[in-house]
Amino acid sequence: MAGGNERSMKALKEVWQRAENSLCADCGKPDPDWASSTLGVFICLSCSGIHRNIPSISKVKSLKMDYWDDAQVQFLAKHGNAVTKAIYEAHIPIYYYQPTYNDCQVLREQWIRAKYERKEFTEPGKQLPYSDGVREGILWKRGRDNGQFLPRKFLLSEREGCLKYFTKQDAKEPKINVKIDVINATFQPEKIGNPNGLQITYLKDNKTRNIFVYHESGKEIVDWFNAIRSVQFHYLKVAFPIASDNEIKNRLTRNFLKEGYMEKTGPKQREAFKKRWFTLDHRRLMYFKDPLDAFAKGEVFVGSGENGYSVQKGLPSGTQGNFSWHYGITIVTPDREYLFTCETETDQLEWVRAFASVINQAMTPQEYAIEAYFKFKS
């Protein structure tokens, strides 16, 4: 901390070291070293950049490099993360997705703007743009065959419990009509090639279908995302009346556990290994020829350890088939072994950890039903 007198520096350090200020107020990242002199919150470098884009609301300064006068230090001491959160996060809907430092820019920016700029959570019962139970609008959707993004009308309805999209504005019948309880949505800016890119997945005949969309407005796409979560939440409250709000919240949209390229071989384990894009969505391991494919080329069910599933580093001795990557992984199931190779040891370790996190969890009754379906179709 440069400049200022010794007393102010000492006081600033004391406030900074309070337990409540040990995590970024907006994304939870440990050891924030920036703060807002107008809001009184301690934030990380990444979130400070977002605050800097709303100068009418927040003035940010480095805790290490900038000078803080006595009045600013006293303001921080009076506020801090706990007091400010109690004001700006007082009435967050339970379904609203609160991003962490691992989430993408658009989610974090709209969360920060929702709190401090739009003050969406300061009053109880406030009408929010994603809480109406119905949402209609245009999203740019990627064509399944030609890869072009074209404007399509989407309709989300809590009353009907579904999401629809129409190929034409005046079309009476939707191209798809998907029940809300089989939908997942996750932001994929890098994969889609747009900072506001959203991947919507759903089950059709127990197979996963991908839809890739975006909107030019970050607020609009995040509102769509939270509207989906809102409709899901209220649908599941009716479907599972004895479940707690937190139990239902945990069943809303989820991020994929792991994605990336691996090589795989076929069931005979003598075929050449082929490079594929893999997505681990809890117990479903899906593989695609291209990351933006609408349908998976195949899916593998990953069960629990107590049911005979395991993951091992390396390939079985004597494995045949040509493979260019040498960091192997073996998934053992009650019926067969699945063999994969990774390009780097880091990739291998990350995939093994992701698989182990799933295998170490007990299966739910619904997951036993999914496992039975996978065994039937094979």
# chains A, B, ... in the order shown; residues from 1 in each chain; ligands from 1
>>> residues_around(residues="segment 327-330 of chain A", least_positions_apart="5", cutoff="9 Å", atoms="only C-alpha atoms", output="list of chain:residue names")
A:Ser310, A:Val311, A:Gln312, A:Lys313, A:Gly314, A:Leu315, A:Pro316, A:Glu337, A:Tyr338, A:Leu339, A:Phe340, A:Thr341, A:Cys342, A:Glu343, A:Thr344, A:Glu345, A:Asp347, A:Gln348, A:Trp351, A:Val352
>>> select_by_dssp(residues="segment 174-244 of chain A", states="alpha helix (DSSP H)", output="JSON, numbers by chain")
{"A": [189, 190, 191, 192, 218, 219, 220, 221, 222, 223, 224, 225, 226, 227, 228, 229, 230, 231, 232, 233, 234, 235, 236, 237, 238, 239]}
>>> residues_around(residues="Ile370 of chain A", least_positions_apart="4", cutoff="9 Å", atoms="only C-alpha atoms", output="number ranges by chain")
A: 206, 301, 365-366, 374-375
>>> atom_distance(atom1="atom CA of Glu160 of chain A", atom2="atom CA of Val213 of chain A")
22.1 Å
>>> closest_residue(among="A:Leu257, A:Cys162, A:Cys24, A:Leu236", to="Asn81 of chain A", atoms="only C-alpha atoms")
A:Cys24
>>> residues_around(residues="Pro32 of chain A", least_positions_apart="4", cutoff="8 Å", atoms="only C-alpha atoms", output="PyMOL selection string")
chain A and resi 21-24+42-45
>>> select_by_dssp(residues="segment 155-257 of chain A", states="strand (DSSP E or B)", output="MDAnalysis selection string")
chainID A and resid 155:157 162:166 176:179 183:187 198:204 207:214
>>> residues_around(residues="Leu156 of chain A", least_positions_apart="3", cutoff="7 Å", atoms="only C-alpha atoms", output="VMD selection string")
chain A and resid 134 to 136 162 to 164
>>> write_last_selection(atoms="C-alpha atoms", output="PDB file, in the first residue's frame")
ATOM      1  CA  VAL A 134     -43.345 -16.769 -19.343  1.00  0.00           C
ATOM      2  CA  ARG A 135     -40.710 -15.360 -21.664  1.00  0.00           C
ATOM      3  CA  GLU A 136     -40.796 -14.783 -25.398  1.00  0.00           C
ATOM      4  CA  CYS A 162     -41.985 -26.283 -21.679  1.00  0.00           C
ATOM      5  CA  LEU A 163     -39.555 -24.405 -23.938  1.00  0.00           C
ATOM      6  CA  LYS A 164     -40.407 -23.999 -27.624  1.00  0.00           C
TER       7      LYS A 164
END
>>> atom_distance(atom1="atom CA of Met65 of chain A", atom2="atom CA of Asp33 of chain A")
9.5 Å
>>> residues_around(residues="Gln188 of chain A", least_positions_apart="4", cutoff="9 Å", atoms="only C-alpha atoms", output="PyMOL selection string")
chain A and resi 104+192-199+212
>>> residues_around(residues="Pro55 of chain A", least_positions_apart="3", cutoff="12 Å", atoms="only C-alpha atoms", output="PDB file with all heavy atoms, in the first residue's frame")
ATOM      1  N   SER A  36     -14.191  -1.223  -3.498  1.00  0.00           N
ATOM      2  CA  SER A  36     -14.988  -0.116  -4.019  1.00  0.00           C
ATOM      3  C   SER A  36     -15.134   0.930  -2.923  1.00  0.00           C
ATOM      4  O   SER A  36     -15.703   0.643  -1.860  1.00  0.00           O
ATOM      5  CB  SER A  36     -16.363  -0.603  -4.476  1.00  0.00           C
ATOM      6  OG  SER A  36     -17.202   0.493  -4.763  1.00  0.00           O
ATOM      7  N   SER A  37     -14.655   2.119  -3.187  1.00  0.00           N
ATOM      8  CA  SER A  37     -14.727   3.185  -2.186  1.00  0.00           C
ATOM      9  C   SER A  37     -16.117   3.792  -2.085  1.00  0.00           C
ATOM     10  O   SER A  37     -16.399   4.565  -1.164  1.00  0.00           O
ATOM     11  CB  SER A  37     -13.716   4.289  -2.525  1.00  0.00           C
ATOM     12  OG  SER A  37     -14.024   4.889  -3.779  1.00  0.00           O
ATOM     13  N   THR A  38     -17.016   3.438  -3.023  1.00  0.00           N
ATOM     14  CA  THR A  38     -18.385   3.958  -2.993  1.00  0.00           C
ATOM     15  C   THR A  38     -19.398   2.916  -2.521  1.00  0.00           C
ATOM     16  O   THR A  38     -20.463   3.275  -2.020  1.00  0.00           O
ATOM     17  CB  THR A  38     -18.802   4.454  -4.386  1.00  0.00           C
ATOM     18  OG1 THR A  38     -18.541   3.422  -5.356  1.00  0.00           O
ATOM     19  CG2 THR A  38     -18.029   5.706  -4.765  1.00  0.00           C
ATOM     20  N   LEU A  39     -19.083   1.637  -2.685  1.00  0.00           N
ATOM     21  CA  LEU A  39     -19.975   0.575  -2.222  1.00  0.00           C
ATOM     22  C   LEU A  39     -19.495  -0.061  -0.919  1.00  0.00           C
ATOM     23  O   LEU A  39     -20.284  -0.649  -0.179  1.00  0.00           O
ATOM     24  CB  LEU A  39     -20.108  -0.520  -3.294  1.00  0.00           C
ATOM     25  CG  LEU A  39     -20.799  -0.117  -4.591  1.00  0.00           C
ATOM     26  CD1 LEU A  39     -20.657  -1.208  -5.639  1.00  0.00           C
ATOM     27  CD2 LEU A  39     -22.268   0.198  -4.344  1.00  0.00           C
ATOM     28  N   SER A  48     -13.115  -6.193 -10.199  1.00  0.00           N
ATOM     29  CA  SER A  48     -12.856  -4.751 -10.187  1.00  0.00           C
ATOM     30  C   SER A  48     -12.950  -4.174 -11.602  1.00  0.00           C
ATOM     31  O   SER A  48     -13.363  -3.028 -11.785  1.00  0.00           O
ATOM     32  CB  SER A  48     -11.474  -4.457  -9.584  1.00  0.00           C
ATOM     33  OG  SER A  48     -10.421  -4.748 -10.491  1.00  0.00           O
ATOM     34  N   GLY A  49     -12.580  -4.971 -12.603  1.00  0.00           N
ATOM     35  CA  GLY A  49     -12.700  -4.520 -13.985  1.00  0.00           C
ATOM     36  C   GLY A  49     -14.143  -4.303 -14.389  1.00  0.00           C
ATOM     37  O   GLY A  49     -14.459  -3.373 -15.142  1.00  0.00           O
ATOM     38  N   ILE A  50     -15.045  -5.163 -13.882  1.00  0.00           N
ATOM     39  CA  ILE A  50     -16.475  -4.992 -14.168  1.00  0.00           C
ATOM     40  C   ILE A  50     -16.999  -3.748 -13.451  1.00  0.00           C
ATOM     41  O   ILE A  50     -17.746  -2.954 -14.023  1.00  0.00           O
ATOM     42  CB  ILE A  50     -17.254  -6.258 -13.756  1.00  0.00           C
ATOM     43  CG1 ILE A  50     -16.767  -7.468 -14.566  1.00  0.00           C
ATOM     44  CG2 ILE A  50     -18.757  -6.050 -13.944  1.00  0.00           C
ATOM     45  CD1 ILE A  50     -17.332  -8.796 -14.122  1.00  0.00           C
ATOM     46  N   HIS A  51     -16.602  -3.572 -12.198  1.00  0.00           N
ATOM     47  CA  HIS A  51     -17.013  -2.378 -11.452  1.00  0.00           C
ATOM     48  C   HIS A  51     -16.555  -1.110 -12.172  1.00  0.00           C
ATOM     49  O   HIS A  51     -17.276  -0.106 -12.194  1.00  0.00           O
ATOM     50  CB  HIS A  51     -16.407  -2.407 -10.044  1.00  0.00           C
ATOM     51  CG  HIS A  51     -17.159  -3.259  -9.075  1.00  0.00           C
ATOM     52  ND1 HIS A  51     -17.854  -2.757  -8.002  1.00  0.00           N
ATOM     53  CD2 HIS A  51     -17.323  -4.611  -9.015  1.00  0.00           C
ATOM     54  CE1 HIS A  51     -18.414  -3.742  -7.324  1.00  0.00           C
ATOM     55  NE2 HIS A  51     -18.091  -4.883  -7.920  1.00  0.00           N
ATOM     56  N   ARG A  52     -15.367  -1.171 -12.744  1.00  0.00           N
ATOM     57  CA  ARG A  52     -14.818   0.012 -13.420  1.00  0.00           C
ATOM     58  C   ARG A  52     -15.685   0.420 -14.612  1.00  0.00           C
ATOM     59  O   ARG A  52     -15.670   1.583 -15.029  1.00  0.00           O
ATOM     60  CB  ARG A  52     -13.384  -0.271 -13.857  1.00  0.00           C
ATOM     61  CG  ARG A  52     -12.588   0.982 -14.212  1.00  0.00           C
ATOM     62  CD  ARG A  52     -11.129   0.666 -14.468  1.00  0.00           C
ATOM     63  NE  ARG A  52     -10.400   0.454 -13.216  1.00  0.00           N
ATOM     64  CZ  ARG A  52      -9.922  -0.715 -12.808  1.00  0.00           C
ATOM     65  NH1 ARG A  52     -10.101  -1.788 -13.556  1.00  0.00           N
ATOM     66  NH2 ARG A  52      -9.267  -0.825 -11.677  1.00  0.00           N
ATOM     67  N   SER A  58     -19.785   2.596  -8.917  1.00  0.00           N
ATOM     68  CA  SER A  58     -18.664   2.072  -8.149  1.00  0.00           C
ATOM     69  C   SER A  58     -17.346   2.715  -8.566  1.00  0.00           C
ATOM     70  O   SER A  58     -17.042   2.816  -9.754  1.00  0.00           O
ATOM     71  CB  SER A  58     -18.572   0.540  -8.328  1.00  0.00           C
ATOM     72  OG  SER A  58     -17.571  -0.008  -7.517  1.00  0.00           O
ATOM     73  N   LYS A  59     -16.580   3.128  -7.589  1.00  0.00           N
ATOM     74  CA  LYS A  59     -15.218   3.620  -7.804  1.00  0.00           C
ATOM     75  C   LYS A  59     -14.269   2.637  -7.129  1.00  0.00           C
ATOM     76  O   LYS A  59     -14.361   2.410  -5.922  1.00  0.00           O
ATOM     77  CB  LYS A  59     -15.039   5.017  -7.190  1.00  0.00           C
ATOM     78  CG  LYS A  59     -15.949   6.093  -7.785  1.00  0.00           C
ATOM     79  CD  LYS A  59     -15.467   6.533  -9.153  1.00  0.00           C
ATOM     80  CE  LYS A  59     -16.146   7.824  -9.599  1.00  0.00           C
ATOM     81  NZ  LYS A  59     -17.590   7.743  -9.730  1.00  0.00           N
ATOM     82  N   VAL A  60     -13.380   2.021  -7.915  1.00  0.00           N
ATOM     83  CA  VAL A  60     -12.521   0.971  -7.366  1.00  0.00           C
ATOM     84  C   VAL A  60     -11.087   1.445  -7.236  1.00  0.00           C
ATOM     85  O   VAL A  60     -10.608   2.262  -8.014  1.00  0.00           O
ATOM     86  CB  VAL A  60     -12.581  -0.311  -8.239  1.00  0.00           C
ATOM     87  CG1 VAL A  60     -13.968  -0.923  -8.206  1.00  0.00           C
ATOM     88  CG2 VAL A  60     -12.157  -0.030  -9.672  1.00  0.00           C
ATOM     89  N   LYS A  61     -10.420   0.894  -6.227  1.00  0.00           N
ATOM     90  CA  LYS A  61      -9.021   1.243  -5.972  1.00  0.00           C
ATOM     91  C   LYS A  61      -8.294  -0.004  -5.493  1.00  0.00           C
ATOM     92  O   LYS A  61      -8.892  -0.894  -4.875  1.00  0.00           O
ATOM     93  CB  LYS A  61      -8.918   2.338  -4.905  1.00  0.00           C
ATOM     94  CG  LYS A  61      -9.608   3.644  -5.269  1.00  0.00           C
ATOM     95  CD  LYS A  61      -9.593   4.631  -4.117  1.00  0.00           C
ATOM     96  CE  LYS A  61      -8.205   5.182  -3.878  1.00  0.00           C
ATOM     97  NZ  LYS A  61      -8.218   6.270  -2.863  1.00  0.00           N
ATOM     98  N   ARG A 113     -24.070  -6.143 -12.122  1.00  0.00           N
ATOM     99  CA  ARG A 113     -24.979  -5.067 -12.538  1.00  0.00           C
ATOM    100  C   ARG A 113     -26.367  -5.242 -11.909  1.00  0.00           C
ATOM    101  O   ARG A 113     -27.022  -4.265 -11.540  1.00  0.00           O
ATOM    102  CB  ARG A 113     -25.082  -5.026 -14.061  1.00  0.00           C
ATOM    103  CG  ARG A 113     -23.820  -4.491 -14.754  1.00  0.00           C
ATOM    104  CD  ARG A 113     -24.011  -4.354 -16.249  1.00  0.00           C
ATOM    105  NE  ARG A 113     -22.827  -3.840 -16.917  1.00  0.00           N
ATOM    106  CZ  ARG A 113     -22.539  -2.539 -17.051  1.00  0.00           C
ATOM    107  NH1 ARG A 113     -23.376  -1.629 -16.549  1.00  0.00           N
ATOM    108  NH2 ARG A 113     -21.449  -2.156 -17.674  1.00  0.00           N
ATOM    109  N   TYR A 116     -25.896  -4.001  -8.021  1.00  0.00           N
ATOM    110  CA  TYR A 116     -25.565  -2.614  -7.674  1.00  0.00           C
ATOM    111  C   TYR A 116     -26.185  -1.575  -8.596  1.00  0.00           C
ATOM    112  O   TYR A 116     -26.532  -0.483  -8.157  1.00  0.00           O
ATOM    113  CB  TYR A 116     -24.042  -2.435  -7.677  1.00  0.00           C
ATOM    114  CG  TYR A 116     -23.297  -3.426  -6.827  1.00  0.00           C
ATOM    115  CD1 TYR A 116     -22.314  -4.248  -7.385  1.00  0.00           C
ATOM    116  CD2 TYR A 116     -23.563  -3.558  -5.466  1.00  0.00           C
ATOM    117  CE1 TYR A 116     -21.615  -5.157  -6.612  1.00  0.00           C
ATOM    118  CE2 TYR A 116     -22.865  -4.475  -4.685  1.00  0.00           C
ATOM    119  CZ  TYR A 116     -21.890  -5.268  -5.267  1.00  0.00           C
ATOM    120  OH  TYR A 116     -21.210  -6.167  -4.491  1.00  0.00           O
ATOM    121  N   GLU A 117     -26.315  -1.912  -9.874  1.00  0.00           N
ATOM    122  CA  GLU A 117     -26.827  -0.950 -10.849  1.00  0.00           C
ATOM    123  C   GLU A 117     -28.345  -0.998 -10.924  1.00  0.00           C
ATOM    124  O   GLU A 117     -29.022   0.029 -10.834  1.00  0.00           O
ATOM    125  CB  GLU A 117     -26.211  -1.226 -12.219  1.00  0.00           C
ATOM    126  CG  GLU A 117     -26.542  -0.188 -13.275  1.00  0.00           C
ATOM    127  CD  GLU A 117     -25.868  -0.507 -14.609  1.00  0.00           C
ATOM    128  OE1 GLU A 117     -25.912  -1.680 -15.052  1.00  0.00           O
ATOM    129  OE2 GLU A 117     -25.293   0.424 -15.213  1.00  0.00           O
TER     130      GLU A 117
END
>>> closest_residue(among="A:Asp70, A:Lys29, A:Glu89, A:Thr208", to="Ser8 of chain A", atoms="only C-alpha atoms")
A:Asp70
>>> atom_distance(atom1="atom CA of Ala372 of chain A", atom2="atom CA of His234 of chain A")
29.0 Å
>>> closest_residue(among="A:Tyr95, A:Gly308, A:Cys27, A:Asp293", to="Asn246 of chain A", atoms="only C-alpha atoms")
A:Tyr95
>>> closest_residue(among="A:Asn250, A:Asn177, A:Ser46, A:Thr364", to="Gln105 of chain A", atoms="only C-alpha atoms")
A:Ser46
>>> closest_residue(among="A:Lys172, A:Gly133, A:Arg336, A:Phe233", to="Asp245 of chain A", atoms="only C-alpha atoms")
A:Phe233
>>> closest_residue(among="A:Pro99, A:Gly305, A:Pro30, A:Pro129", to="Ala227 of chain A", atoms="only C-alpha atoms")
A:Pro129
